[in-house]
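Report on one structure; see the data block that follows.
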Amino acid sequence: MEAADSITILKGTHVRYRGTGSAGEVLDLRSDDEGIWAKVDTTDLWYNTRYLEVLDEEEYLKLKSREIHRKVKKLDEEGKKQATKKKVDTLKKQLEDVDMSSELCDGGG
């Protein structure tokens, strides 16, 4: 099966879809009247091989490294949001127990 750049694509080949930049490993191949299709692991979608470019191992590892870095950063941000939410919830719970009916809370005037 050949990609647009005339390089053979086999199961296990690392590819990038030119339309979106999605990259991954080819899980399966099939052909029909419209061309040859490759199923890519990262999106679980079928791509026409004429729109795929084959990546060498170094390029693929660079892309994966960037993707992992983005995911870790996103998890860190989500973790910070969850910690802040937990603090807010704790403060709300503490404030629920405050008795505001006391005469000590008299307003001026």
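Naming works like this for the structure tokens: A, B, ... for the chains as they're shown, residue 1 at the start of each chain, ligands 1 onward in shown order.
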I'd like to know which residues of chain A are strand (DSSP E) (by DSSP, run on the backbone); could you write them as an NGL selection string? :A and (14-17 or 23-32 or 35-40 or 45-48 or 52-54)
Got a sec to tell me which of chain A DSSP assigns to helix (DSSP H, G or I), as a VMD selection string? chain A and resid 49 to 51 57 to 96 103 to 105
Let me see the file: selected residues, C-alpha atoms, as a short mmCIF file (atom, residue, chain, number, x, y, z; two decimals), in the first residue's frame.
data_model
loop_
_atom_site.label_atom_id
_atom_site.label_comp_id
_atom_site.auth_asym_id
_atom_site.auth_seq_id
_atom_site.Cartn_x
_atom_site.Cartn_y
_atom_site.Cartn_z
CA THR A 49 -3.32 6.76 2.21
CA ARG A 50 -2.90 9.42 -0.49
CA TYR A 51 -3.22 11.99 2.35
CA GLU A 57 11.10 6.79 13.98
CA GLU A 58 12.80 10.02 15.10
CA GLU A 59 9.99 12.26 13.79
CA TYR A 60 7.36 10.02 15.36
CA LEU A 61 9.09 10.02 18.76
CA LYS A 62 9.36 13.84 18.67
CA LEU A 63 5.62 14.12 17.99
CA LYS A 64 4.80 11.64 20.74
CA SER A 65 7.06 13.49 23.18
CA ARG A 66 5.28 16.80 22.46
CA GLU A 67 1.89 15.10 22.80
CA ILE A 68 2.84 13.60 26.17
CA HIS A 69 4.15 16.98 27.36
CA ARG A 70 0.82 18.62 26.41
CA LYS A 71 -1.16 15.93 28.22
CA VAL A 72 0.96 16.27 31.38
CA LYS A 73 0.52 20.05 31.31
CA LYS A 74 -3.24 19.65 30.89
CA LEU A 75 -3.38 17.18 33.80
CA ASP A 76 -1.40 19.62 35.97
CA GLU A 77 -3.87 22.40 35.14
CA GLU A 78 -6.83 20.12 35.88
CA GLY A 79 -5.20 19.09 39.15
CA LYS A 80 -4.80 22.73 40.16
CA LYS A 81 -8.45 23.41 39.29
CA GLN A 82 -9.57 20.44 41.37
CA ALA A 83 -7.43 21.56 44.33
CA THR A 84 -8.91 25.07 44.13
CA LYS A 85 -12.44 23.65 43.90
CA LYS A 86 -11.76 21.48 46.95
CA LYS A 87 -10.56 24.52 48.92
CA VAL A 88 -13.65 26.51 47.90
CA ASP A 89 -15.95 23.63 48.87
CA THR A 90 -14.21 23.33 52.25
CA LEU A 91 -14.62 27.07 52.89
CA LYS A 92 -18.30 26.91 51.91
CA LYS A 93 -18.86 24.02 54.32
CA GLN A 94 -17.09 25.92 57.11
CA LEU A 95 -19.21 29.04 56.45
CA GLU A 96 -22.44 27.04 56.54
CA GLU A 103 -26.70 40.19 68.13
CA LEU A 104 -22.94 40.57 67.84
CA CYS A 105 -23.40 40.90 64.10
#
Please provide the set of residues having any atom within 10 Å of Val40 of chain A, restricted to only C-alpha atoms, with same-chain residues fewer than 6 positions apart removed, written as a PDB file with N, CA and C atoms, in the first residue's frame.
ATOM      1  N   LYS A  11       1.126  -2.349   8.124  1.00  0.00           N
ATOM      2  CA  LYS A  11       0.712  -2.303   9.526  1.00  0.00           C
ATOM      3  C   LYS A  11       1.945  -2.022  10.373  1.00  0.00           C
ATOM      4  N   GLY A  12       1.795  -1.111  11.327  1.00  0.00           N
ATOM      5  CA  GLY A  12       2.920  -0.749  12.192  1.00  0.00           C
ATOM      6  C   GLY A  12       3.693   0.466  11.717  1.00  0.00           C
ATOM      7  N   THR A  13       3.413   0.937  10.491  1.00  0.00           N
ATOM      8  CA  THR A  13       4.087   2.123   9.959  1.00  0.00           C
ATOM      9  C   THR A  13       3.594   3.356  10.700  1.00  0.00           C
ATOM     10  N   HIS A  14       4.502   4.282  11.000  1.00  0.00           N
ATOM     11  CA  HIS A  14       4.121   5.546  11.636  1.00  0.00           C
ATOM     12  C   HIS A  14       3.805   6.563  10.541  1.00  0.00           C
ATOM     13  N   VAL A  15       2.618   7.174  10.657  1.00  0.00           N
ATOM     14  CA  VAL A  15       2.153   8.096   9.630  1.00  0.00           C
ATOM     15  C   VAL A  15       1.584   9.359  10.254  1.00  0.00           C
ATOM     16  N   ARG A  16       1.461  10.399   9.414  1.00  0.00           N
ATOM     17  CA  ARG A  16       0.798  11.641   9.813  1.00  0.00           C
ATOM     18  C   ARG A  16      -0.196  12.000   8.712  1.00  0.00           C
ATOM     19  N   TYR A  17      -1.412  12.366   9.140  1.00  0.00           N
ATOM     20  CA  TYR A  17      -2.435  12.815   8.200  1.00  0.00           C
ATOM     21  C   TYR A  17      -2.185  14.279   7.897  1.00  0.00           C
ATOM     22  N   SER A  22      -2.649  14.880  12.575  1.00  0.00           N
ATOM     23  CA  SER A  22      -2.787  13.724  13.456  1.00  0.00           C
ATOM     24  C   SER A  22      -1.770  12.669  13.049  1.00  0.00           C
ATOM     25  N   ALA A  23      -1.101  12.103  14.056  1.00  0.00           N
ATOM     26  CA  ALA A  23      -0.080  11.102  13.768  1.00  0.00           C
ATOM     27  C   ALA A  23      -0.321   9.864  14.609  1.00  0.00           C
ATOM     28  N   GLY A  24       0.118   8.742  14.094  1.00  0.00           N
ATOM     29  CA  GLY A  24      -0.024   7.502  14.841  1.00  0.00           C
ATOM     30  C   GLY A  24       0.517   6.329  14.066  1.00  0.00           C
ATOM     31  N   GLU A  25       0.210   5.160  14.581  1.00  0.00           N
ATOM     32  CA  GLU A  25       0.666   3.918  13.977  1.00  0.00           C
ATOM     33  C   GLU A  25      -0.485   3.273  13.224  1.00  0.00           C
ATOM     34  N   VAL A  26      -0.192   2.725  12.050  1.00  0.00           N
ATOM     35  CA  VAL A  26      -1.217   2.064  11.243  1.00  0.00           C
ATOM     36  C   VAL A  26      -1.570   0.725  11.881  1.00  0.00           C
ATOM     37  N   LEU A  27      -2.869   0.561  12.171  1.00  0.00           N
ATOM     38  CA  LEU A  27      -3.349  -0.679  12.779  1.00  0.00           C
ATOM     39  C   LEU A  27      -3.836  -1.677  11.742  1.00  0.00           C
ATOM     40  N   ASP A  28      -4.419  -1.155  10.651  1.00  0.00           N
ATOM     41  CA  ASP A  28      -5.013  -2.029   9.656  1.00  0.00           C
ATOM     42  C   ASP A  28      -5.065  -1.305   8.318  1.00  0.00           C
ATOM     43  N   LEU A  29      -5.198  -2.066   7.250  1.00  0.00           N
ATOM     44  CA  LEU A  29      -5.301  -1.509   5.898  1.00  0.00           C
ATOM     45  C   LEU A  29      -6.455  -2.164   5.170  1.00  0.00           C
ATOM     46  N   TRP A  46     -10.137   5.856   9.862  1.00  0.00           N
ATOM     47  CA  TRP A  46      -9.562   5.404   8.597  1.00  0.00           C
ATOM     48  C   TRP A  46      -9.196   6.621   7.754  1.00  0.00           C
ATOM     49  N   TYR A  47      -7.976   6.639   7.198  1.00  0.00           N
ATOM     50  CA  TYR A  47      -7.500   7.729   6.355  1.00  0.00           C
ATOM     51  C   TYR A  47      -7.107   7.171   4.997  1.00  0.00           C
TER      52      TYR A  47
END
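Our summary of the geometry notes that atom CA of Val54 of chain A is positioned 15.0 Å from atom CA of Thr42 of chain A.
If you look at atom CA of Arg30 of chain A and atom CA of Leu10 of chain A, they are 10.8 Å away from each other.
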